[in-house]
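Here the structure is laid out as structure tokens; the discussion comes afterwards.
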Amino acid sequence: MRLKNYIHGQWVEGTGPAVALHDAVTGAVVAEATTGGVDFKGVLEYARKTGGPSLRAMTIHQRARMLKAMAQYLMGRKDELYAISAATGATKSDSWVDIEGGIGTFFTYA
């Protein structure tokens with residue numbers, strides 16, 4: 001599976017050679033990643049002209065609802081995140097602060 005990049009409001013696959021991402025326990029390739037073909041100057045321009053103004057146009061309550069929705073989405077998928085983390089060689093105890101702590105931060109900001 002080749003990971004995609006979120007660019008200009010859509011998910012796109014990078015081009016060119018990719019880097020293999022390995023399961024730290026088994027050594028199996030779990031995904032490939034590349035930023036080949038990504039126009040980073042264009043990404044920055046999009047953020048400045050589209051993303052930033054859209055975010056600034058939202059009220060603080062709209063932003064809070066967006067963060068809460070993201071936290072709920074991630075919390076509903078935390079088992080998947082733990083499985084991915086385990087592939088790095090981390091234990092559930094190692095990952096807890098990053099996964100549930102990070103999600104908790106979204107809830108706090110919301």
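Note on naming: chains are A, B, ... as they come in the structure tokens, residues start from 1 per chain, ligands start from 1 in the order shown.
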Under the rule of at most 12 Å, produce a per-residue listing of segment 70-90 of chain A near segment 27-33 of chain A: chain, number, name, the closest pair of atoms, and the distance in Å, as a tab-separated table, using only C-alpha atoms.
```
residue	atom	partner	partner_atom	distance
A:Ala83	CA	A:Val30	CA	11.6
A:Ile84	CA	A:Val30	CA	9.3
A:Ser85	CA	A:Val30	CA	11.9
A:Ala87	CA	A:Val30	CA	8.6
A:Thr88	CA	A:Gly27	CA	9.9
A:Gly89	CA	A:Gly27	CA	10.6
```
Written file, previous selection with N, CA, C and O atoms, as a compact mmCIF listing (two decimals), in the first residue's frame:
```txt
# COMPACT_ATOMS: atom_id res chain seq x y z
N ALA A 83 -2.41 -0.98 16.89
CA ALA A 83 -1.84 -2.02 16.03
C ALA A 83 -0.70 -1.46 15.18
O ALA A 83 0.35 -2.10 15.03
N ILE A 84 -0.89 -0.26 14.67
CA ILE A 84 0.17 0.38 13.87
C ILE A 84 1.37 0.66 14.76
O ILE A 84 2.52 0.42 14.39
N SER A 85 1.11 1.15 15.96
CA SER A 85 2.19 1.45 16.89
C SER A 85 2.95 0.19 17.28
O SER A 85 4.18 0.21 17.41
N ALA A 87 3.56 -2.26 15.44
CA ALA A 87 4.44 -2.60 14.32
C ALA A 87 5.75 -1.82 14.38
O ALA A 87 6.71 -2.16 13.68
N THR A 88 5.82 -0.78 15.21
CA THR A 88 7.06 -0.04 15.38
C THR A 88 7.92 -0.65 16.48
O THR A 88 9.03 -0.21 16.73
N GLY A 89 7.36 -1.65 17.17
CA GLY A 89 8.06 -2.28 18.28
C GLY A 89 7.61 -1.76 19.63
O GLY A 89 8.11 -2.20 20.67
```
Next on the checklist: Show me, as JSON, numbers by chain, the residues that have an atom within 12 Å of Val43 of chain A when counting only C-alpha atoms, minus same-chain residues fewer than 3 positions from it.
Outcome noted: {"A": [5, 6, 7, 8, 9, 10, 35, 37, 38, 39, 40, 46, 47, 48, 49, 50, 51, 52]}
Go ahead and write the residues just picked, N, CA and C atoms, as a PDB file, in the first residue's frame.
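Output file out12.pdb follows:
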```pdb
ATOM      1  N   ASN A   5      -0.707  11.571   0.193  1.00  0.00           N
ATOM      2  CA  ASN A   5      -0.470  12.878   0.797  1.00  0.00           C
ATOM      3  C   ASN A   5      -1.727  13.721   0.613  1.00  0.00           C
ATOM      4  N   TYR A   6      -2.118  14.478   1.644  1.00  0.00           N
ATOM      5  CA  TYR A   6      -3.279  15.356   1.543  1.00  0.00           C
ATOM      6  C   TYR A   6      -2.793  16.712   1.044  1.00  0.00           C
ATOM      7  N   ILE A   7      -3.096  17.007  -0.223  1.00  0.00           N
ATOM      8  CA  ILE A   7      -2.580  18.196  -0.885  1.00  0.00           C
ATOM      9  C   ILE A   7      -3.711  18.886  -1.632  1.00  0.00           C
ATOM     10  N   HIS A   8      -3.811  20.179  -1.449  1.00  0.00           N
ATOM     11  CA  HIS A   8      -4.819  20.989  -2.154  1.00  0.00           C
ATOM     12  C   HIS A   8      -6.228  20.438  -1.951  1.00  0.00           C
ATOM     13  N   GLY A   9      -6.496  19.964  -0.726  1.00  0.00           N
ATOM     14  CA  GLY A   9      -7.838  19.503  -0.398  1.00  0.00           C
ATOM     15  C   GLY A   9      -8.187  18.126  -0.919  1.00  0.00           C
ATOM     16  N   GLN A  10      -7.196  17.343  -1.321  1.00  0.00           N
ATOM     17  CA  GLN A  10      -7.493  15.994  -1.799  1.00  0.00           C
ATOM     18  C   GLN A  10      -6.322  15.058  -1.507  1.00  0.00           C
ATOM     19  N   THR A  35       7.177  11.515  -1.314  1.00  0.00           N
ATOM     20  CA  THR A  35       6.682  12.870  -1.574  1.00  0.00           C
ATOM     21  C   THR A  35       7.109  13.304  -2.968  1.00  0.00           C
ATOM     22  N   GLY A  37       7.148  14.338  -6.642  1.00  0.00           N
ATOM     23  CA  GLY A  37       6.147  15.025  -7.449  1.00  0.00           C
ATOM     24  C   GLY A  37       5.324  16.041  -6.686  1.00  0.00           C
ATOM     25  N   VAL A  38       5.555  16.174  -5.382  1.00  0.00           N
ATOM     26  CA  VAL A  38       4.789  17.127  -4.584  1.00  0.00           C
ATOM     27  C   VAL A  38       5.380  18.523  -4.785  1.00  0.00           C
ATOM     28  N   ASP A  39       4.529  19.441  -5.164  1.00  0.00           N
ATOM     29  CA  ASP A  39       4.928  20.835  -5.346  1.00  0.00           C
ATOM     30  C   ASP A  39       4.795  21.536  -3.997  1.00  0.00           C
ATOM     31  N   PHE A  40       5.876  21.545  -3.221  1.00  0.00           N
ATOM     32  CA  PHE A  40       5.820  22.093  -1.867  1.00  0.00           C
ATOM     33  C   PHE A  40       5.545  23.592  -1.869  1.00  0.00           C
ATOM     34  N   TYR A  46      -1.298  27.185  -1.301  1.00  0.00           N
ATOM     35  CA  TYR A  46      -2.664  26.741  -1.044  1.00  0.00           C
ATOM     36  C   TYR A  46      -3.042  26.997   0.417  1.00  0.00           C
ATOM     37  N   ALA A  47      -2.122  26.683   1.316  1.00  0.00           N
ATOM     38  CA  ALA A  47      -2.383  26.910   2.740  1.00  0.00           C
ATOM     39  C   ALA A  47      -2.608  28.391   3.023  1.00  0.00           C
ATOM     40  N   ARG A  48      -1.819  29.225   2.403  1.00  0.00           N
ATOM     41  CA  ARG A  48      -1.935  30.668   2.640  1.00  0.00           C
ATOM     42  C   ARG A  48      -3.192  31.262   2.026  1.00  0.00           C
ATOM     43  N   LYS A  49      -3.581  30.794   0.844  1.00  0.00           N
ATOM     44  CA  LYS A  49      -4.704  31.409   0.128  1.00  0.00           C
ATOM     45  C   LYS A  49      -6.043  30.725   0.379  1.00  0.00           C
ATOM     46  N   THR A  50      -6.017  29.445   0.744  1.00  0.00           N
ATOM     47  CA  THR A  50      -7.273  28.701   0.889  1.00  0.00           C
ATOM     48  C   THR A  50      -7.480  28.195   2.318  1.00  0.00           C
ATOM     49  N   GLY A  51      -6.549  27.386   2.806  1.00  0.00           N
ATOM     50  CA  GLY A  51      -6.711  26.780   4.123  1.00  0.00           C
ATOM     51  C   GLY A  51      -6.766  27.790   5.253  1.00  0.00           C
ATOM     52  N   GLY A  52      -5.798  28.690   5.283  1.00  0.00           N
ATOM     53  CA  GLY A  52      -5.738  29.697   6.347  1.00  0.00           C
ATOM     54  C   GLY A  52      -6.981  30.565   6.406  1.00  0.00           C
TER      55      GLY A  52
END
```
Next on the checklist: I need the residues of chain A that end up classed as helix (DSSP H, G or I) by DSSP on the backbone, written out as a PyMOL selection string.
Outcome noted: chain A and resi 40-57+60-75+78-86+92-109
Item to check | Atomic separation - atom CA of Val97 of chain A relative to atom CA of Lys78 of chain A, Å | outcome: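 If I compute the distance from atom CA of Lys78 of chain A to atom CA of Val97 of chain A, I get 12.1 Å.
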Item to check | Residue with smallest distance to Val25 of chain A - pool A:Leu81, A:Gln62, A:Ala86, A:Leu3, counting only C-alpha atoms | outcome: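 Counting only C-alpha atoms, the residue closest to Val25 of chain A is A:Ala86.
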Next on the checklist: Give me the residues near Met75 of chain A as a count of residues only, where near means some atom within 8 Å (using only C-alpha atoms) and where sequence neighbours in that chain fewer than 3 positions away do not count.
Outcome noted: 5
Checklist entry - Which residue gives the smallest distance to Val19 of chain A among A:Lys41, A:Lys68, A:Arg2, A:Lys92, with only C-alpha atoms counted? => result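 Using only C-alpha atoms, Val19 of chain A sits closest to A:Arg2.
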Checklist entry - In Å, how far is it from atom CA of Phe106 of chain A to atom CA of Ala57 of chain A? => result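 That distance, rounded to one decimal, is 20.1 Å.
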Checklist entry - Looking only at the backbone, which of the residues in chain A does DSSP tag as strand (DSSP E), as a VMD selection string? => result chain A and resid 4 to 7 10 to 13 19 to 22 29 to 33
Next on the checklist: For a quick check of understanding, using only C-alpha atoms, which of A:Asp79, A:Tyr73, A:Leu21, A:Gly16 has the smallest distance to Ser95 of chain A?
Outcome noted: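 Residue with the minimum atom-to-atom distance to Ser95 of chain A: A:Asp79.
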Checklist outcome for this item: atom CA of Thr105 of chain A sits from atom CA of Arg65 of chain A at a separation of 13.9 Å
